[in-house]
>>> print(open('upload.txt').read())   # compact mmCIF, C-alpha atoms and all ligand atoms
# COMPACT_ATOMS: atom_id res chain seq x y z
CA MET A 927 -25.95 -25.46 -14.33
CA ALA A 928 -26.16 -28.23 -16.91
CA ASP A 929 -28.06 -26.33 -19.58
CA ARG A 930 -26.20 -23.05 -19.05
CA GLU A 931 -23.42 -22.36 -21.55
CA LEU A 932 -20.07 -22.35 -19.77
CA GLY A 933 -17.16 -19.98 -20.17
CA PHE A 934 -16.42 -16.51 -21.51
CA ARG A 935 -18.52 -15.93 -24.65
CA ARG A 936 -20.10 -13.15 -26.70
CA ASN A 937 -23.90 -13.10 -26.57
CA ALA A 938 -26.26 -12.10 -29.41
CA GLN A 939 -25.86 -8.41 -28.46
CA GLY A 940 -22.09 -8.77 -28.69
CA LEU A 941 -21.56 -8.49 -24.92
CA LEU A 942 -18.95 -10.62 -23.22
CA THR A 943 -20.68 -13.05 -20.86
CA LEU A 944 -19.54 -15.53 -18.27
CA SER A 945 -21.79 -18.60 -18.12
CA GLY A 946 -24.56 -16.53 -19.63
CA THR A 947 -24.28 -13.50 -17.29
CA PRO A 948 -22.88 -10.29 -18.82
CA LEU A 949 -19.39 -9.92 -17.38
CA GLY A 950 -19.91 -6.18 -16.90
CA ALA A 951 -22.88 -6.83 -14.60
CA LEU A 952 -20.71 -9.16 -12.52
CA VAL A 953 -17.57 -7.11 -12.10
CA THR A 954 -18.54 -3.44 -12.49
CA PRO A 955 -20.33 -3.25 -9.09
CA LEU A 956 -17.25 -4.82 -7.55
CA PHE A 957 -15.00 -2.10 -8.87
CA GLU A 958 -17.47 0.62 -7.91
CA ALA A 959 -17.79 -0.71 -4.37
CA SER A 960 -13.98 -0.70 -4.42
CA ARG A 961 -13.78 -4.21 -2.99
CA SER A 962 -11.32 -4.52 -5.78
CA GLY A 963 -9.80 -2.07 -8.19
CA THR A 964 -8.48 -2.62 -11.67
CA PRO A 965 -6.48 -4.29 -12.96
CA ALA A 966 -8.02 -7.53 -11.76
CA TYR A 967 -7.92 -11.10 -12.97
CA VAL A 968 -11.39 -12.67 -13.14
CA TYR A 969 -11.65 -16.47 -13.11
CA ASP A 970 -14.47 -18.78 -14.13
CA LEU A 971 -14.52 -21.55 -11.51
CA ASP A 972 -17.32 -23.44 -13.28
CA GLY A 973 -15.29 -23.59 -16.50
CA LEU A 974 -12.15 -24.67 -14.64
CA ASP A 975 -14.07 -27.38 -12.84
CA ALA A 976 -15.83 -28.66 -15.97
CA GLY A 977 -12.56 -28.72 -17.95
CA ALA A 978 -10.71 -30.66 -15.26
CA ARG A 979 -13.56 -33.14 -14.81
CA ALA A 980 -13.85 -33.72 -18.57
CA LEU A 981 -10.14 -34.44 -18.72
CA GLU A 982 -10.37 -36.86 -15.78
CA THR A 983 -13.25 -38.67 -17.50
CA SER A 984 -11.27 -39.00 -20.73
CA PHE A 985 -8.95 -41.52 -19.05
CA GLY A 986 -11.80 -44.00 -18.64
CA SER A 987 -10.67 -46.69 -16.23
CA ALA A 988 -6.96 -46.30 -17.02
CA PRO A 989 -4.75 -45.73 -13.96
CA HIS A 990 -3.52 -42.15 -14.16
CA VAL A 991 -2.61 -38.89 -12.45
CA THR A 992 -3.42 -35.52 -13.98
CA ALA A 993 -0.57 -33.59 -12.39
CA TYR A 994 -1.78 -30.02 -12.79
CA ALA A 995 1.25 -27.75 -13.35
CA VAL A 996 0.71 -25.39 -10.42
CA LYS A 997 3.11 -22.86 -11.94
CA ALA A 998 0.40 -21.91 -14.46
CA ASN A 999 -1.84 -20.53 -11.71
CA SER A 1000 -1.25 -21.17 -8.02
CA ALA A 1001 -4.37 -19.45 -6.58
CA GLY A 1002 -5.66 -21.60 -3.70
CA THR A 1003 -9.25 -21.31 -4.90
CA ILE A 1004 -8.20 -22.74 -8.25
CA VAL A 1005 -5.95 -25.50 -6.91
CA ARG A 1006 -8.70 -26.53 -4.46
CA THR A 1007 -11.17 -26.68 -7.36
CA PHE A 1008 -8.84 -29.04 -9.20
CA ALA A 1009 -8.17 -31.10 -6.07
CA ARG A 1010 -11.92 -31.68 -5.73
CA ALA A 1011 -12.09 -32.65 -9.40
CA GLY A 1012 -9.51 -35.35 -8.64
CA THR A 1013 -6.31 -33.93 -10.10
CA GLY A 1014 -2.83 -34.20 -8.69
CA ALA A 1015 -0.07 -31.63 -9.12
CA ASP A 1016 3.27 -31.01 -10.77
CA VAL A 1017 5.20 -28.58 -8.57
CA VAL A 1018 8.54 -26.88 -9.11
CA SER A 1019 9.28 -25.47 -5.66
CA GLY A 1020 8.75 -26.21 -2.00
CA ALA A 1021 6.25 -23.34 -1.88
CA GLU A 1022 4.19 -24.81 -4.72
CA LEU A 1023 4.33 -28.19 -2.98
CA GLU A 1024 2.92 -26.60 0.17
CA VAL A 1025 0.12 -24.95 -1.83
CA ALA A 1026 -0.75 -28.27 -3.51
CA LEU A 1027 -0.81 -30.13 -0.17
CA GLY A 1028 -2.64 -27.29 1.59
CA ALA A 1029 -5.26 -27.29 -1.17
CA GLY A 1030 -5.98 -30.93 -0.44
CA ILE A 1031 -4.05 -32.78 -3.14
CA GLU A 1032 -2.89 -36.20 -1.97
CA PRO A 1033 0.90 -36.51 -1.69
CA ARG A 1034 0.90 -39.61 -3.90
CA LYS A 1035 -0.59 -37.53 -6.72
CA ILE A 1036 2.22 -34.97 -6.66
CA VAL A 1037 5.42 -34.93 -8.71
CA MET A 1038 8.17 -32.38 -8.23
CA SER A 1039 10.12 -31.13 -11.26
CA GLY A 1040 12.87 -28.53 -11.58
CA VAL A 1041 16.57 -28.44 -12.42
CA ALA A 1042 17.83 -26.82 -9.22
CA LYS A 1043 15.75 -28.03 -6.31
CA THR A 1044 17.31 -26.92 -3.04
CA ASP A 1045 18.10 -29.32 -0.19
CA ALA A 1046 15.17 -27.87 1.76
CA GLU A 1047 12.84 -28.60 -1.17
CA LEU A 1048 14.14 -32.16 -1.51
CA ASP A 1049 13.72 -32.62 2.25
CA LEU A 1050 10.10 -31.51 2.10
CA ALA A 1051 9.34 -33.83 -0.83
CA ILE A 1052 10.95 -36.77 1.00
CA ALA A 1053 9.17 -35.97 4.27
CA ARG A 1054 5.77 -35.77 2.58
CA ASP A 1055 6.42 -38.96 0.60
CA ILE A 1056 5.12 -37.56 -2.71
CA LEU A 1057 4.67 -39.72 -5.82
CA ALA A 1058 8.15 -38.79 -7.02
CA VAL A 1059 10.90 -36.23 -7.15
CA GLN A 1060 11.61 -36.07 -10.88
CA VAL A 1061 15.37 -35.75 -11.06
CA GLU A 1062 16.93 -33.87 -13.95
CA SER A 1063 20.62 -34.79 -13.61
CA ILE A 1064 22.91 -37.46 -12.18
CA GLU A 1065 24.24 -34.84 -9.79
CA GLU A 1066 20.72 -34.34 -8.45
CA ILE A 1067 20.33 -38.10 -7.89
CA GLY A 1068 23.42 -37.89 -5.68
CA ARG A 1069 21.95 -34.98 -3.73
CA LEU A 1070 18.60 -36.75 -3.32
CA ALA A 1071 20.37 -39.86 -1.99
CA ALA A 1072 22.26 -37.74 0.54
CA ARG A 1073 19.07 -36.05 1.75
CA ALA A 1074 17.26 -39.40 2.03
CA ARG A 1075 20.15 -40.82 4.07
CA ALA A 1076 20.12 -37.76 6.33
CA ALA A 1077 16.38 -38.22 6.91
CA GLY A 1078 16.71 -41.98 7.38
CA LYS A 1079 14.08 -42.49 4.66
CA ARG A 1080 13.73 -43.82 1.13
CA ALA A 1081 13.22 -41.23 -1.59
CA ARG A 1082 10.88 -42.02 -4.47
CA LEU A 1083 12.22 -40.69 -7.74
CA GLY A 1084 11.33 -40.40 -11.39
CA VAL A 1085 13.95 -39.73 -14.03
CA ARG A 1086 13.12 -36.87 -16.37
CA VAL A 1087 14.50 -37.75 -19.75
CA LYS A 1088 15.57 -35.18 -22.30
CA PRO A 1089 13.78 -36.49 -25.37
CA GLY A 1090 15.87 -34.65 -28.00
CA VAL A 1091 12.68 -33.45 -29.70
CA SER A 1092 12.30 -29.90 -31.04
CA ILE A 1093 8.90 -28.26 -31.23
CA ASP A 1094 7.42 -25.40 -33.19
CA SER A 1095 6.97 -23.04 -30.25
CA HIS A 1096 8.60 -19.91 -28.85
CA ALA A 1097 12.25 -20.63 -27.97
CA HIS A 1098 11.61 -19.63 -24.35
CA ILE A 1099 9.11 -22.44 -23.86
CA ALA A 1100 10.77 -25.31 -25.79
CA THR A 1101 12.40 -27.65 -23.28
CA GLY A 1102 13.03 -30.98 -25.01
CA HIS A 1103 15.80 -30.21 -27.49
CA ASP A 1104 19.40 -31.35 -26.91
CA ALA A 1105 20.72 -27.96 -25.73
CA ALA A 1106 18.01 -27.53 -23.08
CA LYS A 1107 19.05 -27.51 -19.41
CA PHE A 1108 16.17 -29.88 -18.59
CA GLY A 1109 16.25 -33.64 -18.13
CA VAL A 1110 18.84 -36.41 -18.26
CA ALA A 1111 20.34 -36.91 -21.73
CA LYS A 1112 19.77 -40.36 -23.23
CA THR A 1113 23.54 -40.91 -23.24
CA ASP A 1114 23.64 -40.40 -19.45
CA LEU A 1115 20.75 -42.72 -18.60
CA GLY A 1116 22.90 -45.84 -18.09
CA ALA A 1117 24.99 -44.03 -15.48
CA ALA A 1118 21.86 -42.58 -13.86
CA TRP A 1119 20.21 -45.99 -13.36
CA GLU A 1120 23.47 -47.47 -12.17
CA TYR A 1121 23.72 -44.77 -9.53
CA VAL A 1122 20.13 -45.32 -8.44
CA ASP A 1123 20.63 -49.09 -8.18
CA ARG A 1124 23.71 -48.70 -6.00
CA HIS A 1125 21.77 -46.65 -3.44
CA PRO A 1126 19.15 -48.54 -1.41
CA GLU A 1127 17.80 -45.24 -0.05
CA LEU A 1128 16.53 -44.49 -3.57
CA SER A 1129 13.47 -46.05 -5.13
CA ALA A 1130 13.02 -45.39 -8.86
CA VAL A 1131 9.31 -45.41 -9.67
CA GLY A 1132 8.86 -43.55 -12.94
CA VAL A 1133 10.16 -41.95 -16.09
CA SER A 1134 9.04 -38.52 -17.25
CA SER A 1135 9.52 -35.96 -19.97
CA HIS A 1136 8.16 -32.56 -20.94
CA VAL A 1137 8.88 -31.33 -24.44
CA GLY A 1138 7.64 -27.76 -24.05
CA SER A 1139 4.57 -25.61 -24.05
CA MET A 1140 1.90 -24.45 -26.50
CA LEU A 1141 1.79 -27.68 -28.57
CA ARG A 1142 -0.65 -27.22 -31.43
CA GLU A 1143 -0.39 -30.83 -32.59
CA VAL A 1144 -0.34 -34.20 -30.89
CA ASP A 1145 2.66 -35.53 -32.88
CA PRO A 1146 5.57 -33.92 -31.00
CA TYR A 1147 3.91 -35.06 -27.76
CA LEU A 1148 3.80 -38.61 -29.05
CA ALA A 1149 7.40 -38.42 -30.26
CA THR A 1150 8.40 -37.50 -26.72
CA ALA A 1151 6.12 -40.13 -25.22
CA ARG A 1152 7.75 -42.79 -27.41
CA VAL A 1153 11.14 -41.88 -25.97
CA VAL A 1154 9.68 -42.26 -22.45
CA CYS A 1155 8.26 -45.68 -23.43
CA GLU A 1156 11.63 -46.83 -24.81
CA VAL A 1157 13.35 -45.86 -21.58
CA VAL A 1158 10.62 -47.52 -19.50
CA LYS A 1159 10.80 -50.75 -21.50
CA ALA A 1160 14.58 -50.92 -21.22
CA ARG A 1161 14.31 -50.46 -17.46
CA LEU A 1162 11.62 -53.14 -17.10
CA ALA A 1163 13.64 -55.50 -19.30
CA GLY A 1164 16.48 -55.12 -16.81
CA GLY A 1165 14.25 -56.69 -14.17
CA HIS A 1166 13.30 -53.46 -12.39
CA ALA A 1167 9.78 -52.35 -11.52
CA LEU A 1168 8.24 -48.98 -12.39
CA GLU A 1169 4.92 -47.43 -11.39
CA TYR A 1170 4.37 -44.71 -13.94
CA ALA A 1171 5.18 -43.11 -17.28
CA ASP A 1172 4.84 -39.31 -17.37
CA PHE A 1173 4.52 -37.67 -20.79
CA GLY A 1174 4.44 -34.09 -19.48
CA GLY A 1175 2.11 -31.24 -20.36
CA GLY A 1176 2.28 -28.54 -22.98
CA TYR A 1177 -1.18 -28.74 -24.57
CA GLY A 1178 -1.86 -25.51 -26.48
CA ILE A 1179 -4.99 -23.38 -26.29
CA ASP A 1180 -6.78 -21.05 -28.70
CA TYR A 1181 -5.69 -17.46 -28.09
CA GLY A 1182 -8.02 -16.37 -30.89
CA GLY A 1183 -5.82 -17.48 -33.79
CA GLY A 1184 -7.20 -21.01 -34.14
CA ALA A 1185 -8.03 -24.05 -32.07
CA ALA A 1186 -5.50 -26.48 -30.63
CA PRO A 1187 -6.37 -30.14 -30.01
CA ALA A 1188 -8.37 -30.62 -26.79
CA PRO A 1189 -6.42 -32.00 -23.80
CA SER A 1190 -8.46 -35.21 -24.13
CA ALA A 1191 -7.01 -35.71 -27.64
CA PHE A 1192 -3.50 -35.80 -26.14
CA VAL A 1193 -4.70 -38.21 -23.46
CA GLY A 1194 -6.40 -40.47 -26.03
CA ALA A 1195 -3.23 -40.66 -28.11
CA ALA A 1196 -1.11 -41.27 -24.99
CA LEU A 1197 -3.34 -44.14 -23.79
CA GLU A 1198 -3.27 -45.68 -27.25
CA LEU A 1199 0.53 -45.50 -27.31
CA LEU A 1200 0.80 -47.15 -23.89
CA ARG A 1201 -1.49 -49.92 -25.11
CA SER A 1202 0.48 -50.50 -28.29
CA GLU A 1203 3.73 -50.59 -26.28
CA GLY A 1204 2.25 -53.14 -23.86
CA LEU A 1205 2.57 -50.68 -20.98
CA SER A 1206 -1.09 -50.22 -20.02
CA ALA A 1207 -0.44 -51.54 -16.52
CA LEU A 1208 1.61 -48.43 -15.75
CA LYS A 1209 0.00 -45.31 -14.39
CA LEU A 1210 -0.14 -42.57 -17.03
CA VAL A 1211 0.92 -39.21 -15.58
CA ILE A 1212 0.38 -35.98 -17.52
CA GLU A 1213 1.33 -32.44 -16.50
CA PRO A 1214 -1.06 -29.95 -18.10
CA GLY A 1215 -0.98 -26.34 -16.91
CA ARG A 1216 -2.11 -23.80 -19.49
CA SER A 1217 -4.91 -25.91 -20.99
CA LEU A 1218 -6.61 -26.29 -17.59
CA VAL A 1219 -6.61 -22.59 -16.67
CA GLY A 1220 -5.73 -20.36 -19.63
CA PRO A 1221 -9.18 -20.04 -21.23
CA PHE A 1222 -10.87 -19.56 -17.85
CA GLY A 1223 -9.32 -16.27 -16.81
CA VAL A 1224 -9.39 -12.71 -18.13
CA LEU A 1225 -7.58 -9.58 -17.03
CA VAL A 1226 -9.94 -6.62 -16.63
CA ALA A 1227 -8.38 -3.16 -16.94
CA ARG A 1228 -9.64 0.39 -17.08
CA ILE A 1229 -9.02 2.73 -19.98
CA VAL A 1230 -6.97 5.64 -18.69
CA GLN A 1231 -6.97 7.74 -21.87
CA THR A 1232 -6.61 7.69 -25.61
CA LYS A 1233 -3.80 9.30 -27.55
CA GLU A 1234 -4.18 10.21 -31.23
CA SER A 1235 -1.50 11.70 -33.38
CA ALA A 1236 -1.45 11.84 -37.19
CA GLU A 1237 -2.71 8.40 -38.27
CA ARG A 1238 -1.79 6.68 -35.00
CA ARG A 1239 -4.16 5.68 -32.24
CA TRP A 1240 -3.15 4.40 -28.84
CA LEU A 1241 -5.37 3.25 -26.02
CA MET A 1242 -3.69 3.54 -22.63
CA ILE A 1243 -4.97 1.14 -19.98
CA ASP A 1244 -4.17 0.64 -16.30
CA ALA A 1245 -2.76 -2.89 -16.80
CA GLY A 1246 0.81 -3.24 -17.96
CA MET A 1247 3.46 -5.80 -18.76
CA ASN A 1248 4.00 -6.16 -15.01
CA ASP A 1249 0.44 -7.58 -14.75
CA LEU A 1250 0.53 -9.74 -17.91
CA ILE A 1251 4.02 -10.25 -19.28
CA ARG A 1252 3.27 -12.82 -21.99
CA PRO A 1253 3.14 -10.30 -24.89
CA ALA A 1254 6.44 -8.69 -23.83
CA LEU A 1255 8.20 -11.98 -23.07
CA TYR A 1256 6.95 -14.32 -25.79
CA GLY A 1257 5.39 -11.99 -28.38
CA ALA A 1258 2.02 -13.47 -27.37
CA LYS A 1259 -1.21 -11.83 -28.47
CA HIS A 1260 -4.17 -11.83 -26.11
CA ARG A 1261 -7.45 -10.54 -27.55
CA VAL A 1262 -8.33 -7.18 -26.02
CA GLU A 1263 -12.03 -6.29 -26.08
CA LEU A 1264 -14.30 -3.70 -24.56
CA LEU A 1265 -16.21 -5.13 -21.64
CA ASP A 1266 -19.49 -3.59 -22.73
CA ALA A 1267 -19.30 -3.58 -26.53
CA ALA A 1268 -18.56 -5.95 -29.38
CA PRO A 1269 -15.28 -5.57 -31.33
CA ALA A 1270 -15.54 -2.87 -34.03
CA ASP A 1271 -13.19 -0.83 -36.20
CA PRO A 1272 -11.00 1.13 -35.96
CA GLU A 1273 -8.06 -0.62 -34.36
CA TRP A 1274 -6.20 0.88 -31.42
CA ARG A 1275 -2.75 0.01 -30.21
CA VAL A 1276 -3.37 -1.05 -26.62
CA VAL A 1277 -0.52 -0.14 -24.28
CA GLY A 1278 0.10 -0.08 -20.54
CA PRO A 1279 1.63 2.53 -18.27
CA VAL A 1280 5.04 0.88 -17.83
CA CYS A 1281 8.07 2.77 -19.12
CA GLU A 1282 9.18 0.14 -21.64
CA SER A 1283 8.29 -0.10 -25.31
CA SER A 1284 7.54 -3.79 -24.80
CA ASP A 1285 4.58 -2.76 -22.63
CA ASP A 1286 2.33 -3.19 -25.66
CA PHE A 1287 -0.63 -5.58 -26.05
CA GLY A 1288 -0.95 -5.15 -29.83
CA ALA A 1289 -3.62 -3.64 -32.12
CA HIS A 1290 -7.29 -4.46 -31.47
CA PRO A 1291 -10.63 -3.31 -32.97
CA LEU A 1292 -12.15 -1.25 -30.17
CA GLY A 1293 -14.52 1.12 -31.99
CA ARG A 1294 -14.69 4.86 -32.48
CA ALA A 1295 -14.73 6.08 -28.89
CA PRO A 1296 -13.55 3.33 -26.53
CA SER A 1297 -14.21 4.01 -22.86
CA GLY A 1298 -14.71 2.16 -19.59
CA LEU A 1299 -13.28 -1.30 -19.00
CA VAL A 1300 -11.38 -3.62 -21.33
CA VAL A 1301 -10.81 -7.35 -21.06
CA LEU A 1302 -7.61 -9.15 -22.01
CA ARG A 1303 -8.76 -12.66 -22.77
CA ASP A 1304 -7.30 -16.12 -22.12
CA ALA A 1305 -5.12 -14.84 -19.31
CA GLY A 1306 -5.84 -17.55 -16.74
CA ALA A 1307 -2.45 -19.25 -17.23
CA TYR A 1308 0.92 -17.59 -16.71
CA GLY A 1309 -0.82 -14.28 -15.98
CA PHE A 1310 -0.95 -13.45 -12.27
CA VAL A 1311 1.87 -15.89 -11.45
CA LEU A 1312 4.30 -13.94 -13.64
CA ALA A 1313 3.14 -10.52 -12.42
CA SER A 1314 5.60 -8.16 -10.73
CA GLU A 1315 5.50 -4.83 -8.96
CA TYR A 1316 7.74 -3.09 -11.51
CA ASN A 1317 7.29 0.68 -11.71
CA GLY A 1318 5.68 0.80 -8.27
CA ARG A 1319 2.64 -1.08 -9.47
CA PRO A 1320 1.18 -3.44 -6.85
CA LEU A 1321 0.15 -6.95 -7.88
CA PRO A 1322 -3.35 -7.09 -9.41
CA ALA A 1323 -6.46 -8.35 -7.62
CA GLU A 1324 -8.02 -11.75 -8.35
CA VAL A 1325 -11.78 -12.31 -8.53
CA PHE A 1326 -13.38 -15.76 -8.56
CA VAL A 1327 -16.80 -16.35 -10.12
CA LYS A 1328 -19.01 -19.39 -9.63
CA ASP A 1329 -22.66 -19.99 -10.50
CA GLY A 1330 -22.94 -16.46 -11.89
CA ARG A 1331 -21.72 -14.86 -8.64
CA VAL A 1332 -18.47 -13.45 -7.33
CA VAL A 1333 -17.57 -15.93 -4.59
CA HIS A 1334 -14.15 -14.68 -3.58
CA VAL A 1335 -11.91 -11.65 -4.06
CA SER A 1336 -8.20 -11.69 -3.37
CA ALA A 1337 -7.35 -8.00 -3.09
CA SER A 1338 -4.28 -6.32 -4.48
CA PRO A 1339 -1.70 -5.63 -1.76
CA GLY A 1340 -2.19 -2.02 -2.78
CA ARG A 1341 -0.08 1.06 -3.26
CA GLU A 1342 0.51 1.83 0.41
CA SER A 1343 1.95 -1.60 1.05
CA TRP A 1344 4.32 -1.14 -1.87
CA VAL A 1345 5.47 2.25 -0.64
CA ALA A 1346 5.95 1.01 2.92
CA ARG A 1347 7.95 -2.04 1.84
CA ARG A 1348 10.21 -0.05 -0.47
CA LEU A 1349 10.86 2.54 2.23
CA GLN A 1350 11.79 -0.25 4.62
CA ALA A 1351 14.14 -1.93 2.14
N1 LIG B 1 5.61 -29.75 -16.80
C1 LIG B 1 6.80 -29.10 -16.78
C2 LIG B 1 7.98 -29.81 -16.31
C3 LIG B 1 6.84 -27.76 -17.19
O1 LIG B 1 8.00 -27.13 -17.17
C4 LIG B 1 5.67 -27.11 -17.63
C5 LIG B 1 5.68 -25.72 -18.05
C6 LIG B 1 4.46 -27.83 -17.61
C7 LIG B 1 4.47 -29.16 -17.20
C8 LIG B 1 3.14 -27.24 -18.02
O2 LIG B 1 3.13 -26.83 -19.35
P1 LIG B 1 1.75 -26.29 -20.00
O3 LIG B 1 0.79 -27.43 -20.01
O4 LIG B 1 1.29 -25.18 -19.15
O5 LIG B 1 2.16 -25.82 -21.34
N2 LIG B 1 5.19 -18.87 -19.19
C9 LIG B 1 5.07 -19.53 -20.47
C10 LIG B 1 4.93 -21.02 -20.35
C11 LIG B 1 6.07 -21.62 -19.54
C12 LIG B 1 5.89 -23.11 -19.35
C13 LIG B 1 6.85 -23.61 -18.33
N3 LIG B 1 6.75 -25.00 -18.07
C14 LIG B 1 3.89 -18.92 -21.23
O6 LIG B 1 3.22 -18.05 -20.69
O7 LIG B 1 3.65 -19.26 -22.38
>>> encode(input="upload.txt", output="structure tokens")
Amino acid sequence: MADRELGFRRNAQGLLTLSGTPLGALVTPLFEASRSGTPAYVYDLDGLDAGARALETSFGSAPHVTAYAVKANSAGTIVRTFARAGTGADVVSGAELEVALGAGIEPRKIVMSGVAKTDAELDLAIARDILAVQVESIEEIGRLAARARAAGKRARLGVRVKPGVSIDSHAHIATGHDAAKFGVAKTDLGAAWEYVDRHPELSAVGVSSHVGSMLREVDPYLATARVVCEVVKARLAGGHALEYADFGGGYGIDYGGGAAPAPSAFVGAALELLRSEGLSALKLVIEPGRSLVGPFGVLVARIVQTKESAERRWLMIDAGMNDLIRPALYGAKHRVELLDAAPADPEWRVVGPVCESSDDFGAHPLGRAPSGLVVLRDAGAYGFVLASEYNGRPLPAEVFVKDGRVVHVSASPGRESWVARRLQA
């Protein structure tokens, strides 16, 4: 494995390869044997594993938890891969918590975020004694105390602070500005701590923040981290103990338009900040999602037909916005390439079958007579997890590749299942 190049890459002939094996050779037999149809997500388990391990190593001997944001991709095969690499998890629902635990992540490496956790979700977090429930409001602290009392247990909590930092990202994925629904405002922190300290069934163990997603620079992350450090230092100065500081996730990736800093660059800057603030004894928690999975997944789709009219050229494929919603929801652009040929002019507007004009993956150079399979790249994060069955389109399949072989296929529930469930509804 060591000398084999990892990841999805173009070889000298211009073919897309996965760890050196042409991707077409890996997946085409699968589709022909109809173990799986298109559209299908294909994941590179070696790349996922190597990325997670490199990030773990970048902490050196510093106490830490890499709380993988399960929302980015909750496939058991992937979460188990991360668990073996030593990561923890950031979960936002009881169901995600169960996946993280079921995949083998230790409870004390799991944090739970979310602005509207239900009583049942709080109960599960308390029962499993996770690292912390990260509360996002004073009202939630009250609810957590009530659930802890009902269970006759102590609840471990972190306070998620709203840092008041704006980032240069799509409005839908910026979470740290003052108008965001997330986190406890700095002006409410005094009351929050007071509430915690009046309730012996609560144990405050950390402070967290998450400024948003798709950061292309380390600076806004550090600005947020400084706010967390200020809050931590004030708490410690009041004679209280804390176990961790959590600076959140949000590390950007290269969707083809230019590189973002590596996750280890964010970690390096975060460790340096903790050192300069005299807080190195605390555990550093981070919550990366996209950066751990995004580059290691593609969506493979079949070309259904072309459509040419006047000067316009469309390429219709069998994946739509229901399978990969990022372009429709955030104006994101994923590179679309032919599976078996290098990019070449002319450009085609690649669209799906869904009856919405937003079902459009943008213009891509796909050559004179595109045919066969196409690949939508960098779709490992927020791809399958955001898929829906809109327009009577069953969820896509998922295919997992390791050591140049398909090791697992999670089939689509299929058309008949969709029809049966809708008829029963
Ligand atoms: N921690 C919290 C509390 C979060 O809300 C998120 C993401 C993360 C960590 C992980 O952020 P990441 O490292 O993945 O950027 N669907 C959107 C992204 C939504 C992000 C939601 N929260 C997209 O496809 O761009």
>>> axis_aligned_box(input="upload.txt", around="stretch 1297-1309 of chain A", padding_each_side="3 Å", output="lines of an AutoDock Vina configuration file")
center_x = -6.9
center_y = -7.6
center_z = -19.4
size_x = 21.6
size_y = 29.3
size_z = 12.9
>>> residues_around(input="upload.txt", residues="stretch 1224-1229 of chain A", least_positions_apart="2", cutoff="9 Å", atoms="all atoms listed in the file", output="PyMOL selection string")
chain A and resi 934+953+963-970+1220-1222+1231-1232+1241-1245+1249-1250+1265+1296-1306+1309+1324
>>> closest_atom_pairs(input="upload.txt", of="stretch 1059-1141 of chain A", to="stretch 1013-1029 of chain A", cutoff="12 Å", atoms="all atoms listed in the file", output="Markdown table")
| residue | atom | partner | partner_atom | distance |
| --- | --- | --- | --- | --- |
| A:Val1059 | CA | A:Val1017 | CA | 9.6 |
| A:Gln1060 | CA | A:Asp1016 | CA | 9.8 |
| A:Val1061 | CA | A:Val1018 | CA | 11.4 |
| A:Glu1062 | CA | A:Val1018 | CA | 11.9 |
| A:Ser1134 | CA | A:Asp1016 | CA | 11.5 |
| A:His1136 | CA | A:Asp1016 | CA | 11.4 |
>>> write_last_selection(input="upload.txt", atoms="C-alpha atoms", output="mmCIF file, in the frame of the given file")
data_model
loop_
_atom_site.group_PDB
_atom_site.id
_atom_site.type_symbol
_atom_site.label_atom_id
_atom_site.label_comp_id
_atom_site.auth_asym_id
_atom_site.auth_seq_id
_atom_site.Cartn_x
_atom_site.Cartn_y
_atom_site.Cartn_z
ATOM 1 C CA VAL A 1059 10.900 -36.230 -7.150
ATOM 2 C CA GLN A 1060 11.610 -36.070 -10.880
ATOM 3 C CA VAL A 1061 15.370 -35.750 -11.060
ATOM 4 C CA GLU A 1062 16.930 -33.870 -13.950
ATOM 5 C CA SER A 1134 9.040 -38.520 -17.250
ATOM 6 C CA HIS A 1136 8.160 -32.560 -20.940
#
>>> residues_around(input="upload.txt", residues="A:Asp1055", least_positions_apart="4", cutoff="9 Å", atoms="all atoms listed in the file", output="NGL selection string")
:A and (1033-1034 or 1050-1051 or 1080-1082)
>>> closest_residue(input="upload.txt", among="A:His1098, A:Thr954, A:Pro1089, A:Ala1188", to="A:Val1325", atoms="all atoms listed in the file")
A:Thr954
>>> residues_near_ligand(input="upload.txt", ligand="ligand LIG 1 (chain B)", cutoff="9 Å", atoms="all atoms listed in the file", output="NGL selection string")
:A and (993-998 or 1016-1018 or 1038-1040 or 1086 or 1096 or 1098-1101 or 1108 or 1134-1141 or 1173-1178 or 1212-1220 or 1251-1253 or 1255-1256 or 1258 or 1307-1309 or 1311-1312)
>>> atom_distance(input="upload.txt", atom1="atom CA of A:Ser1314", atom2="atom CA of A:Ser1343")
14.0 Å
>>> closest_residue(input="upload.txt", among="A:Val1345, A:Val1277, A:Leu1115, A:Ala1058", to="A:Asn1248", atoms="only C-alpha atoms")
A:Val1277
>>> closest_residue(input="upload.txt", among="A:Glu1273, A:Asp1114, A:Glu1032, A:Glu1282", to="A:Glu1234", atoms="all atoms listed in the file")
A:Glu1273
>>> residues_around(input="upload.txt", residues="A:Ala978", least_positions_apart="3", cutoff="8 Å", atoms="all atoms listed in the file", output="list in words")
Leu974, Asp975, Leu981, Glu982, Phe1008, Ala1011, Thr1013 and Leu1218 of chain A
>>> atom_distance(input="upload.txt", atom1="atom CA of A:Trp1344", atom2="atom CA of A:Trp1240")
28.5 Å
